[in-house]
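Coordinates as given in data-v5.pdb (PDB, C-alpha atoms):
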ATOM      1  CA  MET A   1       4.973 -26.246  16.688
ATOM      2  CA  THR A   2       6.128 -25.793  20.267
ATOM      3  CA  PRO A   3       5.416 -22.574  22.185
ATOM      4  CA  ASP A   4       9.158 -21.789  22.179
ATOM      5  CA  ASP A   5       9.348 -22.224  18.391
ATOM      6  CA  PHE A   6       6.309 -20.003  17.907
ATOM      7  CA  LYS A   7       7.807 -17.337  20.176
ATOM      8  CA  LEU A   8      11.087 -17.347  18.284
ATOM      9  CA  LEU A   9       9.331 -16.833  14.933
ATOM     10  CA  ALA A  10       6.841 -14.293  16.312
ATOM     11  CA  ASP A  11       9.628 -12.243  17.927
ATOM     12  CA  LEU A  12      11.667 -12.378  14.731
ATOM     13  CA  LEU A  13       8.749 -11.188  12.600
ATOM     14  CA  LYS A  14       7.897  -8.420  15.081
ATOM     15  CA  GLU A  15      11.497  -7.212  14.962
ATOM     16  CA  ARG A  16      11.859  -7.387  11.189
ATOM     17  CA  SER A  17       8.433  -6.309   9.927
ATOM     18  CA  GLY A  18       6.283  -5.091  12.826
ATOM     19  CA  LEU A  19       3.892  -8.003  12.299
ATOM     20  CA  ALA A  20       2.231  -8.917  15.596
ATOM     21  CA  LEU A  21       1.149 -12.570  15.776
ATOM     22  CA  ASN A  22      -0.972 -14.175  18.464
ATOM     23  CA  GLU A  23      -0.713 -17.873  19.223
ATOM     24  CA  ASP A  24      -3.999 -18.492  17.414
ATOM     25  CA  LYS A  25      -2.072 -17.713  14.194
ATOM     26  CA  THR A  26       0.088 -20.834  14.492
ATOM     27  CA  TYR A  27      -1.725 -22.337  11.496
ATOM     28  CA  LEU A  28      -0.718 -19.293   9.424
ATOM     29  CA  LEU A  29       2.946 -19.756  10.270
ATOM     30  CA  GLU A  30       2.769 -23.440   9.437
ATOM     31  CA  SER A  31       0.984 -22.980   6.104
ATOM     32  CA  ARG A  32       3.180 -20.134   4.853
ATOM     33  CA  LEU A  33       6.536 -21.352   6.107
ATOM     34  CA  ALA A  34       6.332 -25.007   5.074
ATOM     35  CA  PRO A  35       7.103 -24.075   1.420
ATOM     36  CA  VAL A  36       9.992 -21.874   2.630
ATOM     37  CA  ALA A  37      11.473 -24.818   4.499
ATOM     38  CA  ARG A  38      11.237 -27.066   1.413
ATOM     39  CA  LYS A  39      12.766 -24.401  -0.811
ATOM     40  CA  HIS A  40      15.789 -24.172   1.493
ATOM     41  CA  GLY A  41      16.292 -27.956   1.637
ATOM     42  CA  LEU A  42      14.889 -28.348   5.140
ATOM     43  CA  THR A  43      12.606 -31.226   6.098
ATOM     44  CA  GLY A  44      10.044 -29.148   7.962
ATOM     45  CA  LEU A  45       9.331 -26.298  10.351
ATOM     46  CA  ASP A  46      11.307 -27.911  13.160
ATOM     47  CA  ASP A  47      14.415 -27.816  10.986
ATOM     48  CA  LEU A  48      13.647 -24.278   9.844
ATOM     49  CA  VAL A  49      13.323 -23.020  13.420
ATOM     50  CA  GLY A  50      16.456 -24.922  14.433
ATOM     51  CA  GLU A  51      18.425 -23.361  11.585
ATOM     52  CA  ILE A  52      17.311 -19.866  12.579
ATOM     53  CA  ARG A  53      17.966 -20.482  16.268
ATOM     54  CA  SER A  54      21.483 -21.819  15.766
ATOM     55  CA  LYS A  55      22.809 -19.930  12.730
ATOM     56  CA  ARG A  56      20.417 -17.022  12.052
ATOM     57  CA  PRO A  57      21.126 -17.147   8.298
ATOM     58  CA  GLU A  58      20.079 -13.818   6.781
ATOM     59  CA  GLY A  59      18.784 -15.377   3.554
ATOM     60  CA  LEU A  60      16.427 -17.722   5.402
ATOM     61  CA  ILE A  61      15.244 -14.991   7.764
ATOM     62  CA  HIS A  62      14.530 -12.724   4.790
ATOM     63  CA  ALA A  63      12.537 -15.521   3.093
ATOM     64  CA  VAL A  64      10.511 -16.110   6.268
ATOM     65  CA  THR A  65       9.740 -12.386   6.553
ATOM     66  CA  GLU A  66       8.663 -12.154   2.914
ATOM     67  CA  ALA A  67       6.423 -15.214   3.198
ATOM     68  CA  MET A  68       4.614 -13.805   6.222
ATOM     69  CA  THR A  69       4.224 -10.227   4.999
ATOM     70  CA  THR A  70       3.040 -10.818   1.442
ATOM     71  CA  ASN A  71      -0.592  -9.663   1.424
ATOM     72  CA  GLU A  72      -3.152  -9.446  -1.313
ATOM     73  CA  SER A  73      -4.113  -6.276  -3.125
ATOM     74  CA  PHE A  74      -6.509  -5.314  -5.879
ATOM     75  CA  PHE A  75      -7.330  -2.369  -8.095
ATOM     76  CA  PHE A  76      -9.379   0.533  -6.651
ATOM     77  CA  ARG A  77      -9.756  -1.314  -3.361
ATOM     78  CA  ASP A  78     -12.829  -0.044  -1.469
ATOM     79  CA  THR A  79     -13.475   2.524  -4.261
ATOM     80  CA  THR A  80     -14.287   5.501  -2.008
ATOM     81  CA  PRO A  81     -10.689   6.521  -1.183
ATOM     82  CA  PHE A  82      -9.933   6.890  -4.881
ATOM     83  CA  ASP A  83     -13.076   8.959  -5.421
ATOM     84  CA  VAL A  84     -12.065  11.227  -2.534
ATOM     85  CA  PHE A  85      -8.536  11.502  -3.916
ATOM     86  CA  GLU A  86      -9.852  12.469  -7.354
ATOM     87  CA  LYS A  87     -12.753  14.734  -6.468
ATOM     88  CA  VAL A  88     -11.766  16.292  -3.147
ATOM     89  CA  VAL A  89      -8.014  16.080  -2.593
ATOM     90  CA  MET A  90      -6.816  16.820  -6.120
ATOM     91  CA  PRO A  91      -8.971  19.952  -6.618
ATOM     92  CA  GLU A  92      -7.446  21.328  -3.388
ATOM     93  CA  PHE A  93      -3.929  20.704  -4.664
ATOM     94  CA  LEU A  94      -4.723  22.098  -8.110
ATOM     95  CA  GLN A  95      -5.288  25.394  -6.307
ATOM     96  CA  SER A  96      -2.657  25.270  -3.561
ATOM     97  CA  ARG A  97       0.077  23.906  -5.842
ATOM     98  CA  ALA A  98      -0.827  25.997  -8.900
ATOM     99  CA  GLY A  99       2.505  27.785  -8.754
ATOM    100  CA  ALA A 100       4.862  24.884  -8.037
ATOM    101  CA  LYS A 101       2.900  22.300 -10.067
ATOM    102  CA  ARG A 102       4.532  19.470  -8.150
ATOM    103  CA  LEU A 103       2.998  16.602  -6.202
ATOM    104  CA  ARG A 104       4.443  13.534  -4.481
ATOM    105  CA  ILE A 105       2.323  10.523  -3.544
ATOM    106  CA  TRP A 106       3.417   7.534  -1.469
ATOM    107  CA  SER A 107       1.750   4.127  -1.612
ATOM    108  CA  ALA A 108       3.118   2.367   1.483
ATOM    109  CA  ALA A 109       3.127  -1.445   1.562
ATOM    110  CA  CYS A 110       1.990  -1.390  -2.063
ATOM    111  CA  SER A 111       2.351  -5.160  -2.565
ATOM    112  CA  THR A 112       2.034  -6.090  -6.260
ATOM    113  CA  GLY A 113       1.269  -2.557  -7.427
ATOM    114  CA  GLN A 114      -2.486  -2.369  -7.851
ATOM    115  CA  GLU A 115      -2.858   0.630  -5.536
ATOM    116  CA  PRO A 116      -0.197   2.890  -7.114
ATOM    117  CA  TYR A 117      -1.389   1.956 -10.604
ATOM    118  CA  SER A 118      -4.968   2.796  -9.575
ATOM    119  CA  LEU A 119      -3.757   6.234  -8.464
ATOM    120  CA  ALA A 120      -1.835   6.611 -11.721
ATOM    121  CA  MET A 121      -5.000   5.863 -13.720
ATOM    122  CA  VAL A 122      -6.954   8.478 -11.766
ATOM    123  CA  LEU A 123      -4.268  11.053 -12.560
ATOM    124  CA  LYS A 124      -4.116  10.000 -16.228
ATOM    125  CA  GLU A 125      -7.840  10.617 -16.487
ATOM    126  CA  MET A 126      -7.165  14.152 -15.165
ATOM    127  CA  ALA A 127      -4.361  14.800 -17.672
ATOM    128  CA  ALA A 128      -5.994  17.912 -19.137
ATOM    129  CA  LYS A 129      -5.911  19.613 -15.719
ATOM    130  CA  LEU A 130      -2.386  18.464 -14.933
ATOM    131  CA  ALA A 131      -0.511  19.732 -17.994
ATOM    132  CA  ASP A 132       3.057  20.716 -17.072
ATOM    133  CA  TRP A 133       2.719  19.210 -13.602
ATOM    134  CA  ARG A 134       5.472  17.043 -12.171
ATOM    135  CA  ILE A 135       3.825  14.196 -10.292
ATOM    136  CA  GLU A 136       5.717  11.383  -8.615
ATOM    137  CA  ILE A 137       4.135   8.208  -7.279
ATOM    138  CA  VAL A 138       6.370   6.078  -5.055
ATOM    139  CA  GLY A 139       5.386   2.523  -4.151
ATOM    140  CA  THR A 140       7.255   0.748  -1.362
ATOM    141  CA  ASP A 141       7.045  -2.695   0.194
ATOM    142  CA  ILE A 142       9.171  -4.831   2.467
ATOM    143  CA  SER A 143       9.015  -7.679  -0.046
ATOM    144  CA  GLY A 144      11.319  -7.503  -3.045
ATOM    145  CA  GLU A 145       9.426 -10.391  -4.636
ATOM    146  CA  VAL A 146       6.109  -8.559  -4.886
ATOM    147  CA  LEU A 147       7.858  -5.394  -6.056
ATOM    148  CA  GLU A 148       9.345  -7.257  -9.018
ATOM    149  CA  LYS A 149       5.828  -8.174 -10.100
ATOM    150  CA  ALA A 150       4.680  -4.586  -9.559
ATOM    151  CA  LYS A 151       7.459  -3.219 -11.761
ATOM    152  CA  VAL A 152       6.574  -5.559 -14.627
ATOM    153  CA  GLY A 153       2.868  -4.792 -14.181
ATOM    154  CA  ILE A 154       1.531  -8.099 -15.479
ATOM    155  CA  TYR A 155      -1.703  -9.409 -13.950
ATOM    156  CA  SER A 156      -3.939 -12.415 -14.428
ATOM    157  CA  GLN A 157      -7.519 -12.288 -15.631
ATOM    158  CA  PHE A 158      -8.647 -12.879 -12.042
ATOM    159  CA  GLU A 159      -6.558  -9.962 -10.774
ATOM    160  CA  VAL A 160      -7.884  -7.450 -13.307
ATOM    161  CA  GLN A 161     -11.434  -8.600 -12.647
ATOM    162  CA  ARG A 162     -11.127  -7.487  -9.022
ATOM    163  CA  GLY A 163     -12.203  -3.845  -9.093
ATOM    164  CA  LEU A 164     -10.798  -2.693 -12.440
ATOM    165  CA  PRO A 165     -13.420  -1.160 -14.772
ATOM    166  CA  ILE A 166     -13.474  -2.590 -18.288
ATOM    167  CA  GLN A 167     -12.991   0.945 -19.703
ATOM    168  CA  LEU A 168      -9.704   1.380 -17.864
ATOM    169  CA  LEU A 169      -8.564  -2.151 -18.604
ATOM    170  CA  MET A 170      -8.937  -1.612 -22.349
ATOM    171  CA  LYS A 171      -7.398   1.868 -22.163
ATOM    172  CA  TYR A 172      -4.325   1.229 -20.020
ATOM    173  CA  PHE A 173      -3.528  -2.487 -20.397
ATOM    174  CA  ALA A 174      -2.314  -4.669 -23.238
ATOM    175  CA  GLN A 175      -3.273  -8.331 -23.446
ATOM    176  CA  VAL A 176      -0.341 -10.737 -23.360
ATOM    177  CA  ASN A 177      -1.715 -14.211 -24.096
ATOM    178  CA  GLU A 178      -4.009 -14.832 -21.099
ATOM    179  CA  LEU A 179      -2.472 -12.042 -19.021
ATOM    180  CA  TRP A 180      -2.728  -8.249 -18.974
ATOM    181  CA  GLN A 181       0.164  -5.769 -18.744
ATOM    182  CA  VAL A 182       0.000  -2.134 -17.640
ATOM    183  CA  ASP A 183       1.114   0.030 -20.544
ATOM    184  CA  ALA A 184       4.592   1.563 -20.465
ATOM    185  CA  ALA A 185       3.400   5.157 -19.954
ATOM    186  CA  LEU A 186       1.440   4.228 -16.832
ATOM    187  CA  ARG A 187       4.284   2.090 -15.469
ATOM    188  CA  ALA A 188       6.633   5.058 -15.918
ATOM    189  CA  MET A 189       4.489   7.108 -13.522
ATOM    190  CA  VAL A 190       5.372   4.856 -10.572
ATOM    191  CA  SER A 191       8.779   4.187  -9.046
ATOM    192  CA  TYR A 192       9.181   1.223  -6.701
ATOM    193  CA  ARG A 193      11.518   0.804  -3.772
ATOM    194  CA  GLU A 194      12.050  -1.952  -1.199
ATOM    195  CA  PHE A 195      11.495  -0.310   2.159
ATOM    196  CA  ASN A 196      10.637  -1.305   5.736
ATOM    197  CA  LEU A 197       8.057   0.883   7.506
ATOM    198  CA  LEU A 198       9.867   0.304  10.797
ATOM    199  CA  LYS A 199      12.908   2.201   9.529
ATOM    200  CA  ASP A 200      13.455   5.958   9.528
ATOM    201  CA  LEU A 201      11.099   7.300   6.840
ATOM    202  CA  LYS A 202      12.928  10.574   6.228
ATOM    203  CA  PRO A 203      15.143   9.201   3.400
ATOM    204  CA  LEU A 204      11.964   8.846   1.321
ATOM    205  CA  GLY A 205      11.553  12.635   1.249
ATOM    206  CA  LYS A 206       8.417  14.723   1.694
ATOM    207  CA  PHE A 207       4.990  13.656   0.399
ATOM    208  CA  ASP A 208       1.708  15.485  -0.167
ATOM    209  CA  VAL A 209      -0.449  12.344  -0.070
ATOM    210  CA  VAL A 210       0.208   9.054   1.712
ATOM    211  CA  PHE A 211      -1.812   5.882   1.159
ATOM    212  CA  CYS A 212      -1.035   3.539   4.061
ATOM    213  CA  ARG A 213      -4.122   1.363   3.942
ATOM    214  CA  ASN A 214      -4.800  -2.022   5.550
ATOM    215  CA  VAL A 215      -1.248  -2.148   6.925
ATOM    216  CA  LEU A 216      -1.390  -0.961  10.520
ATOM    217  CA  ILE A 217      -4.013  -3.584  11.417
ATOM    218  CA  TYR A 218      -1.146  -6.093  11.568
ATOM    219  CA  PHE A 219       0.877  -4.034  14.090
ATOM    220  CA  ASP A 220       0.589  -3.606  17.842
ATOM    221  CA  GLN A 221      -0.251  -0.195  19.341
ATOM    222  CA  ALA A 222       3.347   0.892  19.921
ATOM    223  CA  THR A 223       4.369   0.033  16.356
ATOM    224  CA  LYS A 224       1.313   1.802  14.939
ATOM    225  CA  ALA A 225       2.239   4.942  16.877
ATOM    226  CA  GLN A 226       5.838   4.722  15.656
ATOM    227  CA  VAL A 227       4.824   4.425  12.001
ATOM    228  CA  LEU A 228       2.237   7.211  12.235
ATOM    229  CA  LYS A 229       4.774   9.521  13.859
ATOM    230  CA  GLY A 230       7.189   8.777  11.015
ATOM    231  CA  ILE A 231       4.524   9.499   8.394
ATOM    232  CA  SER A 232       3.650  12.810  10.056
ATOM    233  CA  GLU A 233       7.301  13.882   9.789
ATOM    234  CA  ILE A 234       7.433  13.384   6.019
ATOM    235  CA  LEU A 235       3.916  14.612   5.187
ATOM    236  CA  THR A 236       3.529  18.226   4.103
ATOM    237  CA  ASP A 237       1.559  20.433   6.478
ATOM    238  CA  ASP A 238      -1.477  20.488   4.191
ATOM    239  CA  GLY A 239      -1.075  16.882   3.076
ATOM    240  CA  CYS A 240      -3.392  13.985   3.844
ATOM    241  CA  LEU A 241      -3.119  10.386   4.961
ATOM    242  CA  PHE A 242      -5.432   7.635   3.709
ATOM    243  CA  MET A 243      -5.895   4.604   5.958
ATOM    244  CA  GLY A 244      -8.055   1.489   5.709
ATOM    245  CA  ALA A 245     -11.710   1.542   6.726
ATOM    246  CA  ALA A 246     -10.938  -0.651   9.744
ATOM    247  CA  GLU A 247      -8.001   1.519  10.871
ATOM    248  CA  THR A 248      -7.892   4.692  12.920
ATOM    249  CA  VAL A 249      -5.456   7.079  14.598
ATOM    250  CA  LEU A 250      -7.774   7.641  17.567
ATOM    251  CA  GLY A 251      -6.282   6.416  20.801
ATOM    252  CA  ILE A 252      -2.930   5.785  19.082
ATOM    253  CA  THR A 253      -1.419   9.164  18.239
ATOM    254  CA  ASP A 254      -2.250  12.861  18.434
ATOM    255  CA  THR A 255      -0.151  13.734  15.389
ATOM    256  CA  PHE A 256      -3.150  13.213  13.079
ATOM    257  CA  LYS A 257      -6.810  14.168  13.216
ATOM    258  CA  PRO A 258      -9.731  12.717  11.216
ATOM    259  CA  VAL A 259     -10.945  14.817   8.300
ATOM    260  CA  PRO A 260     -14.643  15.577   8.970
ATOM    261  CA  GLY A 261     -16.966  13.673   6.661
ATOM    262  CA  GLN A 262     -14.208  11.473   5.239
ATOM    263  CA  ARG A 263     -13.832   8.071   6.835
ATOM    264  CA  GLY A 264     -10.261   6.861   6.663
ATOM    265  CA  VAL A 265      -8.770  10.264   5.693
ATOM    266  CA  TYR A 266      -6.542  12.142   8.142
ATOM    267  CA  ALA A 267      -4.778  15.512   8.275
ATOM    268  CA  LYS A 268      -1.871  16.523  10.456
ATOM    269  CA  THR A 269      -2.857  18.012  13.788
ATOM    270  CA  GLY A 270      -2.714  21.782  13.426
ATOM    271  CA  ALA A 271      -3.016  21.543   9.630
ATOM    272  CA  PRO A 272      -4.840  24.359   7.823
ATOM    273  CA  GLU A 273      -8.573  23.982   7.509
ATOM    274  CA  ALA A 274      -8.212  23.654   3.727
ATOM    275  CA  ALA A 275      -7.823  19.923   4.295
ATOM    276  CA  PRO A 276     -10.170  17.666   2.262
ATOM    277  CA  ARG A 277     -13.860  18.488   2.423
ATOM    278  CA  PRO A 278     -16.738  15.987   2.264
ATOM    279  CA  LEU A 279     -17.219  14.485  -1.177
ATOM    280  CA  PRO A 280     -20.137  16.276  -2.894
ATOM    281  CA  ALA A 281     -22.827  13.999  -4.285
ATOM    282  CA  ALA A 282     -22.453  15.541  -7.741
ATOM    283  CA  ALA A 283     -18.699  14.993  -7.678
ATOM    284  CA  ALA A 284     -19.093  11.392  -6.591
ATOM    285  CA  ALA A 285     -21.470  10.772  -9.451
ATOM    286  CA  SER A 286     -18.967  12.162 -11.962
ATOM    287  CA  ALA A 287     -15.936  10.269 -10.635
ATOM    288  CA  VAL A 288     -13.977   7.920 -12.864
ATOM    289  CA  PRO A 289     -16.388   5.023 -13.464
ATOM    290  CA  ARG A 290     -15.525   2.075 -11.233
ATOM    291  CA  PRO A 291     -17.998  -0.794 -11.362
ATOM    292  CA  ALA A 292     -17.530  -3.544  -8.791
ATOM    293  CA  ALA A 293     -15.757  -5.873 -11.190
ATOM    294  CA  VAL A 294     -14.875  -6.411 -14.820
ATOM    295  CA  ALA A 295     -16.877  -8.905 -16.780
ATOM    296  CA  THR A 296     -14.899 -11.530 -18.656
ATOM    297  CA  ALA A 297     -12.553  -9.611 -20.939
ATOM    298  CA  THR A 298     -11.014 -11.213 -23.980
TER     299      THR A 298
END
The structure given in the file should be rewritten as structure tokens.
Amino acid sequence: MTPDDFKLLADLLKERSGLALNEDKTYLLESRLAPVARKHGLTGLDDLVGEIRSKRPEGLIHAVTEAMTTNESFFFRDTTPFDVFEKVVMPEFLQSRAGAKRLRIWSAACSTGQEPYSLAMVLKEMAAKLADWRIEIVGTDISGEVLEKAKVGIYSQFEVQRGLPIQLLMKYFAQVNELWQVDAALRAMVSYREFNLLKDLKPLGKFDVVFCRNVLIYFDQATKAQVLKGISEILTDDGCLFMGAAETVLGITDTFKPVPGQRGVYAKTGAPEAAPRPLPAAAAASAVPRPAAVATAT
């Protein structure tokens, strides 16, 4: 791949998805886009780049963007954020939202749905405390292909073995031959929508909790600041933002501040001090059981 070809693709992906690629990622472009070229009847990457340069066909550009932004996901990824959500964040909202009994949660860049379904399982396990509550979980992703899989909620044995406790697998999934499908009641708790984080976020409405984890690491500083500013505008004043363990708002934006004692959890600057507190040891011990992986389930 020539430097000019790489620049054309890198600029296109930055414009469409925010993905920032360095030249040392040439191998990634080649490995992910070769199948796209074949699927569109092109002989290789040279033809693919030539087609984009001369005609800019929207269908091909969309396929290139999807191929480069499809990232893996798994249930209860990193465990701790879900414990904090269950044992620190939710008790706060049970008090502060006792009158309205409404809660909106956004899983940004949700990929194939494991994160929003993990949140749905946490809330299902709290059903006795949430009687008469109206809770909405919204999962968005730039890729329509991964969202179709998320909506169906069918996962392989390998996928359910990555972080999903056997208790929750047997309780909320049905076996379909060698695959596992999320039950209808849990699927109904999540609505999915194709959405680009670089767009204006306001049409999504207000949220009390935002999970935007392991997404911003792919963006440059300016794009990170843009997305974080957008999230702050649709997050309620006492809401909270969950980010990946390797991500931070420090040095990027002053619209969020870290929540003391909670790595990866952020509150809006100027938010009330009732933001999430450190997770008590007793609460952590009583959280929904989440062993590292499921043993072979048949």
Check what the PyMOL selection byres ((chain A and resi 114) around 7) selects in the file above and give those residues as a PyMOL selection string. chain A and resi 73-75+112-113+115-118
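Among A:Ala100, A:Ala20, A:Ala109, A:Leu8, the residue with the shortest atom-to-atom distance to Asn214 in chain A, counting all atoms listed in the file, is A:Ala109.
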Under the rule of at most 12 Å, produce a per-residue listing of range 208-254 of chain A near range 62-72 of chain A: chain, number, name, the closest pair of atoms, and the distance in Å, as CSV, using only C-alpha atoms.
residue,atom,partner,partner_atom,distance
A:Arg213,CA,A:Asn71,CA,11.8
A:Asn214,CA,A:Asn71,CA,9.6
A:Val215,CA,A:Asn71,CA,9.3
A:Tyr218,CA,A:Thr69,CA,9.4
A:Phe219,CA,A:Thr69,CA,11.5
Starting from the PyMOL selection byres ((chain A and resi 137) around 7), expand the selection into actual residues of this file and give them as a compact mmCIF listing (two decimals) with C-alpha atoms, keeping the file's coordinate frame.
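In the end it all went to expr24.txt:
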# COMPACT_ATOMS: atom_id res chain seq x y z
CA ARG A 104 4.44 13.53 -4.48
CA ILE A 105 2.32 10.52 -3.54
CA TRP A 106 3.42 7.53 -1.47
CA PRO A 116 -0.20 2.89 -7.11
CA ILE A 135 3.82 14.20 -10.29
CA GLU A 136 5.72 11.38 -8.62
CA VAL A 138 6.37 6.08 -5.06
CA GLY A 139 5.39 2.52 -4.15
CA MET A 189 4.49 7.11 -13.52
CA VAL A 190 5.37 4.86 -10.57
CA SER A 191 8.78 4.19 -9.05
Using the chain letters and residue numbers of this document, give as a list in words the residues selected by the PyMOL selection byres ((chain A and resi 28-43) around 10). Met1, Phe6, Leu9, Ala10, Leu21, Glu23, Asp24, Lys25, Thr26, Tyr27, Gly44, Leu45, Asp46, Asp47, Leu48, Val49, Glu51, Gly59, Leu60, Ala63, Val64, Thr65, Glu66, Ala67, Met68, Thr69 and Thr70 of chain A
Expected file: the selected residues, C-alpha atoms, as a compact mmCIF listing (two decimals), in the coordinates of the input:
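Listed below is the output, again-v9.txt:
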# COMPACT_ATOMS: atom_id res chain seq x y z
CA MET A 1 4.97 -26.25 16.69
CA PHE A 6 6.31 -20.00 17.91
CA LEU A 9 9.33 -16.83 14.93
CA ALA A 10 6.84 -14.29 16.31
CA LEU A 21 1.15 -12.57 15.78
CA GLU A 23 -0.71 -17.87 19.22
CA ASP A 24 -4.00 -18.49 17.41
CA LYS A 25 -2.07 -17.71 14.19
CA THR A 26 0.09 -20.83 14.49
CA TYR A 27 -1.72 -22.34 11.50
CA GLY A 44 10.04 -29.15 7.96
CA LEU A 45 9.33 -26.30 10.35
CA ASP A 46 11.31 -27.91 13.16
CA ASP A 47 14.42 -27.82 10.99
CA LEU A 48 13.65 -24.28 9.84
CA VAL A 49 13.32 -23.02 13.42
CA GLU A 51 18.42 -23.36 11.58
CA GLY A 59 18.78 -15.38 3.55
CA LEU A 60 16.43 -17.72 5.40
CA ALA A 63 12.54 -15.52 3.09
CA VAL A 64 10.51 -16.11 6.27
CA THR A 65 9.74 -12.39 6.55
CA GLU A 66 8.66 -12.15 2.91
CA ALA A 67 6.42 -15.21 3.20
CA MET A 68 4.61 -13.80 6.22
CA THR A 69 4.22 -10.23 5.00
CA THR A 70 3.04 -10.82 1.44
Neighbourhood query: residues within 9 Å of (-7.0, 13.1, 14.0), file coordinates, counting only C-alpha atoms; return as a tab-separated table (two decimals) with C-alpha atoms, in the coordinates of the input.
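Result went into result.tsv, see below:
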chain	number	residue	atom	x	y	z
A	248	THR	CA	-7.89	4.69	12.92
A	249	VAL	CA	-5.46	7.08	14.60
A	250	LEU	CA	-7.77	7.64	17.57
A	253	THR	CA	-1.42	9.16	18.24
A	254	ASP	CA	-2.25	12.86	18.43
A	255	THR	CA	-0.15	13.73	15.39
A	256	PHE	CA	-3.15	13.21	13.08
A	257	LYS	CA	-6.81	14.17	13.22
A	258	PRO	CA	-9.73	12.72	11.22
A	259	VAL	CA	-10.94	14.82	8.30
A	265	VAL	CA	-8.77	10.26	5.69
A	266	TYR	CA	-6.54	12.14	8.14
A	267	ALA	CA	-4.78	15.51	8.28
A	268	LYS	CA	-1.87	16.52	10.46
A	269	THR	CA	-2.86	18.01	13.79
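Near Leu130 in chain A, within 9 Å and counting only C-alpha atoms, sit Leu94, Lys101, Leu123 and Lys124 of chain A, not including residues fewer than 6 positions from it in the same chain.
Here CA of Lys149 in chain A and CA of Asp183 in chain A stand 14.1 Å from one another.
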Tell me, in Å to one decimal, how far CA of Lys14 in chain A is from CA of Ile234 in chain A.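 Computing the Euclidean distance for CA of Lys14 in chain A and CA of Ile234 in chain A yields 23.6 Å.
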Around (-6.0, 6.9, -0.2) in the file's own coordinates, what residues are found within 6 Å if you use all atoms listed in the file, given back as a list of chain:residue names? A:Pro81, A:Phe211, A:Phe242
Of the candidates A:Tyr172, A:Phe207, A:Tyr155, A:Phe76, which shows the shortest atom-to-atom distance to Glu125 in chain A, using only C-alpha atoms? A:Tyr172
Shortest contact to Ala246 in chain A, candidates A:Phe93, A:Asp78, A:Asp220, A:Ser232, atoms counted all atoms listed in the file, goes to A:Asp78
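The gap separating CA of Leu147 in chain A from CA of Ala127 in chain A is 26.3 Å, in Å to one decimal.
The nearest approach to Gln167 in chain A among the residues A:Leu179, A:Ala131, A:Met121, A:Ala184, with only C-alpha atoms taken into account, belongs to A:Met121.
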Please determine an axis-aligned box that encloses all atoms of range 120-138 of chain A listed in the file, with 8 Å added on each side, and express its centre and edge lengths in Å to one decimal as AutoDock Vina command-line options.
--center_x -0.7 --center_y 13.3 --center_z -12.1 --size_x 30.2 --size_y 30.9 --size_z 30.1
Taking 6 positions as the minimum chain separation for residues in the same chain, which residues sit within 7 Å of range 223-230 of chain A when counting all atoms listed in the file? Answer as a list in words.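 Everything that qualifies: Gly18, Leu197, Leu198, Leu201, Leu216, Ile252, Thr253 and Thr255 of chain A.
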